[in-house]
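Q: Just passing along the structure, written as structure tokens.
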Amino acid sequence: MTKQDIIELNKKLGFETIFFNKEKSILGYTENKTIYLNEFYEDKLETINKHEILHHYENSKNFKLVKENIFKVMSQEEYKDLLNKYTLKYWGVYTNKEIEKGILDTEIVIDAIIGNGNFSKEVSSLVEGMFELIIGDKQTVLEKRKYLNLNLSNKIEQNFAQATIWEKLFVENYYNGKDRQIPHDRKTKYTKVREDIVKALEEIYAFAESKNNFKLEYKNNPYLEREYESEIKVFIARGLKHLADYYVNNKNEALREMATKIQQTLYTEFKHIVDYIKSTEYEPAFKYLMLNETLTKIYRQEKINNETKNIVETRELNKSIKGHLTLNETTLSIIYNNLKEHSNFANLYFAGVSIFNKKTTKTSEIQIENVNTFGKGKWIKFEGKKSNKKEYIKNAQNLSALVQDTPWCTKQLASQHLSEGDFFVFVDKDDKPHIAVKMNGNEIDEVRGLKGGNAQELEDDYREVALEFLTKNKEIKYGKEWLEKEEWNKRLVLWNTKITEDTLDIDDVEQLFNDLAHKDYRSHGYNSNKEDLMKELRKLDKNSKSFNNIFEYSHKKWGVKSKKAIYIGDFEKTNKDISNMELVIGSCIVENELNLENLKAVVGDFDLRVSSNIKELPNLYKIYGDAEFFNSLIKFLPNLKVVNGNLGMISTGIEDLSNLERIGGNADFSTTPIKTMPNLKEIGGKASFTYAKIENLDNLEYIGGNAFFLNSQIKSMKKLKEIGQEALFSYSKIQNLDALEKIGTDADFKRTEIQEMRQLKYMGGDVDFSNSRIKNLENLEYIGGCANFKESLIYFLRNLRHIGGDANFEKTSIKNLPQLKIIEGDARFDLSSIESLEKLESIGKNANFSMTSIMNLDSLAYIGKNANFFLTPITDLRNLTYIKGNANFSSSCIKYLNRLGYIDGVAIFKDCKIENLENLICIKGCANFEGTTIKKFNDLCDFLGGIKGLKIADIENE
Amino acid sequence: MKEYILTKDYNGEIVRIEKDKFKEYSRVQKKIKSLIKEGKSFDEIKEILSKEGK
């Protein structure tokens, strides 16, 4: 017990504690509810304190009970000896009458409980935990029994004074007074204890060698059952009832699969710890105690009433599924060296974990390009089995340690989680975790936060951090969609409750409709939560408040005339006629001859098949799901305003969609005769207009996916601001994209008529303007991939700063790229008209300046591969420092190499004007100087590949 | 009300005695220690102390 522990214990019992150290002969005393303790006796403080405290409890029921039991196990001989001893001990203190009444018995009992003096084994083993029992601190009793006991009894301290502290702790914890007896023989006790330590340690090492020792029972295993139940709950919450059903119907199989997986990870985890501990130099007693602790106990932390509590459970080897202690270089060293600071092993262990976490968060922070953390903390990555097979168990230990103080089950199942994929944790500035992202391959499996305790939702403060990570991290597929799906599922459950309780408001209806028609990115529309909701909706009484609100909403929005005109359910050819319906809440596959002229909205997919006679849907305003008209007879959709999902128009005769404003998904108008969509503002997904007849989409502002206009008649999209992905306009008639600011990935304008895109700033991928009439891209700043302007008319690119791939300006008439700083690929300026590249600093691959018009390279410092200056008019290389490949200066005008220090390949200086090697330090390949006279040779330069034809002028004679 | 203090006996073990008896107690315990050193048995020590007390 530390002083602090004593203070806290006494406080619990209603005493204040004051330490003094003046008078050596007084160990302690009590005055007005304050216990004074002499800190001169530092190693005995706990015993002194307990002695004093027990006197305050000597008349309690529990004390009397303990007293009774002690004397029951005590032999008459021992009692007689003790009585003699205590007579001397208390000579002159008590009267004969008091002694006759048994006052010395009380002193004997107190001393037995606190280990003050020598008592028989029977007494010693009986009194364990009795102090706590007497003072009524049951929790401490339990804790003491559960934790590795770090409190040495006086007896062990005295009897094993020559042993190390860990050997003493081995004695304290290993021997049980039954089949394991503490060696007592004075001559052999140390040898015997050390033999026992080695034997016990070897047994654990051997234990770790067999996987069979870790086999989990899958029948009647409450821990596994709990995990199984929670898996089922997760499936249900995610709308995957079919998987939940599979689990329910194949319980044994599911449990067996789970057990197999978990036992493998637990075995690997323990083996990893054993292998590590084996390799360390720690003393055997310490090694044994640590391994035994993780093999027999489970340590975790829980937040109870905002306070972190250490929880210790007994590990049942064939049943428990929770992971092992984090025992690594850091935690072990802290445990080993800080024994004196903690009287309780859990506190000591978690102190080690806490220090280790600080280390982890410092060293494992990852920077993710373009992902903002809003100054709230940092992301930590733990590589899983698929990314790092060798280290994933070690990573699992680190992960488990980091998330100890959270409600996430990862703290116990880290190895299992990492066996499925990587894991990301976001920690705040104090290294406290807030967001957990579990991956399965490169897809999201789970995102967890700290809000709502076990609900583990994202805290409002960290929502934007999670969203940023999920949407912008290129390593993660479907991050944003995963999050949307989670929220969608929660809303589906909420609507179900509202329908069942008949509390649906009119303000809920639009979101309800959107959710009913929504599809997630994985299951193509199937969702058991949605199915359940549809079932409840179908049961809805037409006079209920909820139904009434649905009607009110549809009436206001589309003029639905009566409740009878609302059909709830999916409509297929076998269903009853929906001819008179105005609103269908469900999907429609229309194959037969129907009159749907009153239909105003479909809350689901609408699929008009070739066999239907429908040519006109005069009142249809909105389709909440996909709308497929492929090959149908449809000719008129005069009022269609919104399609939330995809719109398929291939092989239809439709020419006019004058009222259409928004397509939420993909729009396929390839090869269609569509001529007018004057109000279309947005296409959320892909836009396919290949070979389409339409000439303008002048109100279109946004295309979220690819824009395919190859060979189309499109001439103008003057308000289009953004194309989310690829833009394919080659061979089209496009002339006007005046508002376009961004193209997300590749752009192909090959052989187009377009001359300018003055607002265009960003092109994320490869860009091809070859043979186009493009002249002006004056605001373009960034090209993410290759830039091909070969034989184009490009003239203005004055803001271009970055080209992510190759740059080809061959046979262009552009003269100036004043802001260009980086070309990451090959740079071809041969036969170009470019005269100035004043800010260009780096060319990632080959650079070709032969027969160029460029006169100087003011800032260029680095060429990543070969550099060709053949017949170049450039005279001074100024800042060029490094050429990572071959350099050809033959027949060039280059006179000054200036700062050039390294050429990693062959250097050809044939027939050139270079006179001075200046700062050149190394040429790795052969240096050919044929036909060139060097006036000033640099003696310090290493010609590692040899020199050919070097002629040095005699300067002095000149 | 009696006041107690914790101190050490002849053997260095903890004992709790009345504060007022501390001086006399210390003296007696020292005596016991020296008698034990002299090799006296329990009965002999008891006898010596009893006589002294009288």
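Chain labels A, B, ... are given in the sequence in which chains occur in the structure tokens; within each chain residues are numbered consecutively from 1, and ligands are likewise numbered from 1 in the order shown.
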Give me, as a VMD selection string, the residues of chain B touching chain A, with the criterion being at most 6 Å (counting only C-alpha atoms).
A: chain B and resid 5 to 7 9
Q: Pull the strand (DSSP E or B) assignments for segment 360-446 of chain A out of DSSP run on the backbone, and list those residues as a count of residues only.
A: 26
Q: So that I can check the surroundings of segment 722-735 of chain A, please list as JSON, numbers by chain every protein, DNA and RNA residue that reaches within 6 Å of it, counting only C-alpha atoms and ignoring chain neighbours fewer than 4 positions away.
A: {"A": [702, 703, 704, 705, 706, 707, 708, 709, 710, 711, 712, 713, 714, 715, 716, 740, 741, 742, 743, 744, 745, 746, 747, 748, 749, 750, 751, 752, 753, 754]}
Q: Between atom CA of Pro222 of chain A and atom CA of Lys385 of chain A, measure the distance and give it in Å to one decimal.
A: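 So the answer is 27.9 Å.
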Q: Please, which residues of segment 318-396 of chain A, numbered as in this document, come out alpha helix (DSSP H) from DSSP, as an MDAnalysis selection string?
A: chainID A and resid 329:337 345:363 392:396
Q: Residues of the last selection are to be written out with N, CA and C atoms, as a compact mmCIF listing (two decimals), in the first residue's frame.
A:
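What ended up in out09.txt:
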```txt
# COMPACT_ATOMS: atom_id res chain seq x y z
N GLU A 329 7.28 -4.52 -24.87
CA GLU A 329 8.49 -3.93 -24.31
C GLU A 329 8.17 -2.81 -23.31
N THR A 330 7.25 -1.92 -23.72
CA THR A 330 6.95 -0.76 -22.86
C THR A 330 6.19 -1.16 -21.60
N THR A 331 5.09 -1.88 -21.78
CA THR A 331 4.26 -2.18 -20.61
C THR A 331 5.03 -3.06 -19.62
N LEU A 332 5.78 -4.02 -20.14
CA LEU A 332 6.52 -4.89 -19.23
C LEU A 332 7.56 -4.11 -18.43
N SER A 333 8.22 -3.20 -19.13
CA SER A 333 9.25 -2.43 -18.43
C SER A 333 8.62 -1.55 -17.35
N ILE A 334 7.45 -1.01 -17.65
CA ILE A 334 6.79 -0.16 -16.65
C ILE A 334 6.32 -1.01 -15.45
N ILE A 335 5.75 -2.14 -15.75
CA ILE A 335 5.29 -3.01 -14.66
C ILE A 335 6.49 -3.41 -13.79
N TYR A 336 7.57 -3.80 -14.46
CA TYR A 336 8.73 -4.31 -13.74
C TYR A 336 9.36 -3.24 -12.84
N ASN A 337 9.40 -2.02 -13.37
CA ASN A 337 10.16 -0.98 -12.66
C ASN A 337 9.34 -0.08 -11.74
N PHE A 345 -2.31 -4.52 -8.94
CA PHE A 345 -1.74 -4.84 -10.24
C PHE A 345 -2.49 -4.19 -11.39
N ALA A 346 -3.82 -4.10 -11.27
CA ALA A 346 -4.59 -3.50 -12.36
C ALA A 346 -4.15 -2.06 -12.57
N ASN A 347 -3.96 -1.32 -11.48
CA ASN A 347 -3.51 0.07 -11.63
C ASN A 347 -2.13 0.14 -12.26
N LEU A 348 -1.28 -0.77 -11.86
CA LEU A 348 0.08 -0.80 -12.39
C LEU A 348 0.04 -1.12 -13.88
N TYR A 349 -0.75 -2.12 -14.25
CA TYR A 349 -0.85 -2.54 -15.65
C TYR A 349 -1.40 -1.41 -16.51
N PHE A 350 -2.50 -0.80 -16.06
CA PHE A 350 -3.11 0.24 -16.88
C PHE A 350 -2.26 1.51 -16.93
N ALA A 351 -1.42 1.71 -15.92
CA ALA A 351 -0.47 2.84 -15.98
C ALA A 351 0.52 2.58 -17.12
N GLY A 352 0.94 1.32 -17.25
CA GLY A 352 1.84 0.94 -18.34
C GLY A 352 1.15 1.11 -19.68
N VAL A 353 -0.10 0.69 -19.74
CA VAL A 353 -0.87 0.80 -20.98
C VAL A 353 -1.00 2.26 -21.39
N SER A 354 -1.24 3.10 -20.41
CA SER A 354 -1.44 4.51 -20.71
C SER A 354 -0.17 5.14 -21.29
N ILE A 355 0.98 4.79 -20.73
CA ILE A 355 2.24 5.32 -21.27
C ILE A 355 2.49 4.77 -22.66
N PHE A 356 2.17 3.49 -22.81
CA PHE A 356 2.37 2.87 -24.12
C PHE A 356 1.49 3.55 -25.18
N ASN A 357 0.26 3.89 -24.80
CA ASN A 357 -0.65 4.54 -25.76
C ASN A 357 -0.09 5.85 -26.25
N LYS A 358 0.52 6.58 -25.35
CA LYS A 358 1.11 7.86 -25.75
C LYS A 358 2.16 7.62 -26.82
N LYS A 359 2.91 6.56 -26.64
CA LYS A 359 3.95 6.20 -27.60
C LYS A 359 3.30 5.83 -28.94
N THR A 360 2.25 5.01 -28.85
CA THR A 360 1.57 4.56 -30.07
C THR A 360 1.03 5.74 -30.85
N THR A 361 0.35 6.64 -30.16
CA THR A 361 -0.27 7.75 -30.88
C THR A 361 0.78 8.68 -31.48
N LYS A 362 1.95 8.70 -30.87
CA LYS A 362 3.03 9.52 -31.41
C LYS A 362 3.63 8.89 -32.66
N THR A 363 3.83 7.58 -32.59
CA THR A 363 4.56 6.94 -33.69
C THR A 363 3.67 6.40 -34.80
N TYR A 392 0.59 -8.22 -37.35
CA TYR A 392 -0.76 -7.83 -36.99
C TYR A 392 -1.13 -8.19 -35.55
N ILE A 393 -0.54 -9.23 -35.01
CA ILE A 393 -0.85 -9.58 -33.62
C ILE A 393 -0.27 -8.52 -32.68
N LYS A 394 0.93 -8.06 -33.02
CA LYS A 394 1.53 -6.98 -32.23
C LYS A 394 0.65 -5.72 -32.35
N ASN A 395 0.20 -5.46 -33.58
CA ASN A 395 -0.67 -4.30 -33.79
C ASN A 395 -1.96 -4.44 -32.98
N ALA A 396 -2.46 -5.68 -32.91
CA ALA A 396 -3.70 -5.92 -32.18
C ALA A 396 -3.52 -5.59 -30.70
```
Q: Between B:Tyr10, B:Asp43, B:Glu38, B:Glu3, which is the closest to Ser26 of chain B once you count only C-alpha atoms?
A: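 Residue with the minimum atom-to-atom distance to Ser26 of chain B: B:Tyr10.
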Q: Using only C-alpha atoms, determine which residues lie at most 7 Å from segment 262-268 of chain A, disregarding the query and same-chain residues fewer than 4 positions distant; provide the list as a list in words.
A: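 Near neighbours after the sequence-gap exclusion: Lys211, Phe214, Lys215, Leu216, Met258, His272, Ile321, Gly323, Ser415 and Gln416 of chain A.
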Q: Write the residues of the preceding selection, restricted to N, CA and C atoms, as a short mmCIF file (atom, residue, chain, number, x, y, z; two decimals), in the first residue's frame.
A:
```
data_model
loop_
_atom_site.label_atom_id
_atom_site.label_comp_id
_atom_site.auth_asym_id
_atom_site.auth_seq_id
_atom_site.Cartn_x
_atom_site.Cartn_y
_atom_site.Cartn_z
N LYS A 211 -2.25 -25.83 -29.81
CA LYS A 211 -3.49 -25.12 -30.12
C LYS A 211 -4.68 -25.73 -29.38
N PHE A 214 -6.33 -24.23 -26.41
CA PHE A 214 -7.12 -22.99 -26.55
C PHE A 214 -8.47 -23.26 -27.20
N LYS A 215 -8.79 -24.54 -27.36
CA LYS A 215 -10.06 -24.89 -28.00
C LYS A 215 -11.24 -24.36 -27.21
N LEU A 216 -12.13 -23.71 -27.90
CA LEU A 216 -13.29 -23.13 -27.21
C LEU A 216 -14.49 -24.06 -27.32
N MET A 258 -17.68 -19.34 -35.27
CA MET A 258 -17.17 -18.25 -34.43
C MET A 258 -16.09 -18.75 -33.49
N HIS A 272 2.18 -15.21 -29.27
CA HIS A 272 2.98 -14.02 -29.58
C HIS A 272 3.58 -13.44 -28.29
N ILE A 321 -13.71 -15.46 -24.40
CA ILE A 321 -13.32 -15.10 -25.78
C ILE A 321 -12.56 -13.78 -25.82
N GLY A 323 -9.60 -10.93 -25.33
CA GLY A 323 -8.18 -10.95 -25.64
C GLY A 323 -7.25 -10.84 -24.44
N SER A 415 -7.49 -8.71 -32.00
CA SER A 415 -6.84 -9.61 -32.97
C SER A 415 -7.85 -10.09 -34.00
N GLN A 416 -9.04 -10.37 -33.49
CA GLN A 416 -10.07 -10.85 -34.40
C GLN A 416 -10.41 -9.77 -35.42
#
```
Q: Which residue is closest to Glu791 of chain A? Choose from A:Leu950, A:Asp768, A:Glu778, A:Glu316 and count only C-alpha atoms.
A: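 Looking only at the distances to Glu791 of chain A, the closest residue turns out to be A:Asp768.
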Q: For Leu831 of chain A, please output as a list in words all residues within 6 Å (counting only C-alpha atoms; exclusion window: fewer than 4 positions along the same chain).
A: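 Listed by chain and then number, they are Glu810, Lys811, Met851 and Thr852 of chain A.
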Q: Store the residues picked out above in a file with all heavy atoms, as a short mmCIF file (atom, residue, chain, number, x, y, z; two decimals), in the first residue's frame.
A:
```
data_model
loop_
_atom_site.label_atom_id
_atom_site.label_comp_id
_atom_site.auth_asym_id
_atom_site.auth_seq_id
_atom_site.Cartn_x
_atom_site.Cartn_y
_atom_site.Cartn_z
N GLU A 810 4.24 19.07 -77.96
CA GLU A 810 4.84 18.96 -79.28
C GLU A 810 3.97 19.64 -80.33
O GLU A 810 2.75 19.44 -80.37
CB GLU A 810 4.98 17.46 -79.57
CG GLU A 810 5.90 17.12 -80.68
CD GLU A 810 5.87 15.61 -80.96
OE1 GLU A 810 5.66 14.83 -80.01
OE2 GLU A 810 6.02 15.24 -82.14
N LYS A 811 4.62 20.40 -81.14
CA LYS A 811 3.95 21.09 -82.26
C LYS A 811 2.78 21.97 -81.80
O LYS A 811 1.74 22.03 -82.47
CB LYS A 811 3.49 20.09 -83.30
CG LYS A 811 4.64 19.40 -84.02
CD LYS A 811 4.13 18.51 -85.11
CE LYS A 811 5.28 17.67 -85.67
NZ LYS A 811 4.82 16.57 -86.50
N MET A 851 15.88 20.79 -79.81
CA MET A 851 15.26 21.65 -80.83
C MET A 851 14.05 22.42 -80.28
O MET A 851 13.03 22.56 -80.94
CB MET A 851 14.86 20.82 -82.05
CG MET A 851 16.08 20.33 -82.81
SD MET A 851 15.67 19.48 -84.31
CE MET A 851 15.25 17.89 -83.73
N THR A 852 14.18 22.84 -79.04
CA THR A 852 13.09 23.61 -78.43
C THR A 852 13.31 25.09 -78.65
O THR A 852 14.39 25.50 -79.07
CB THR A 852 13.04 23.30 -76.92
OG1 THR A 852 12.11 24.14 -76.34
CG2 THR A 852 14.36 23.52 -76.23
#
```
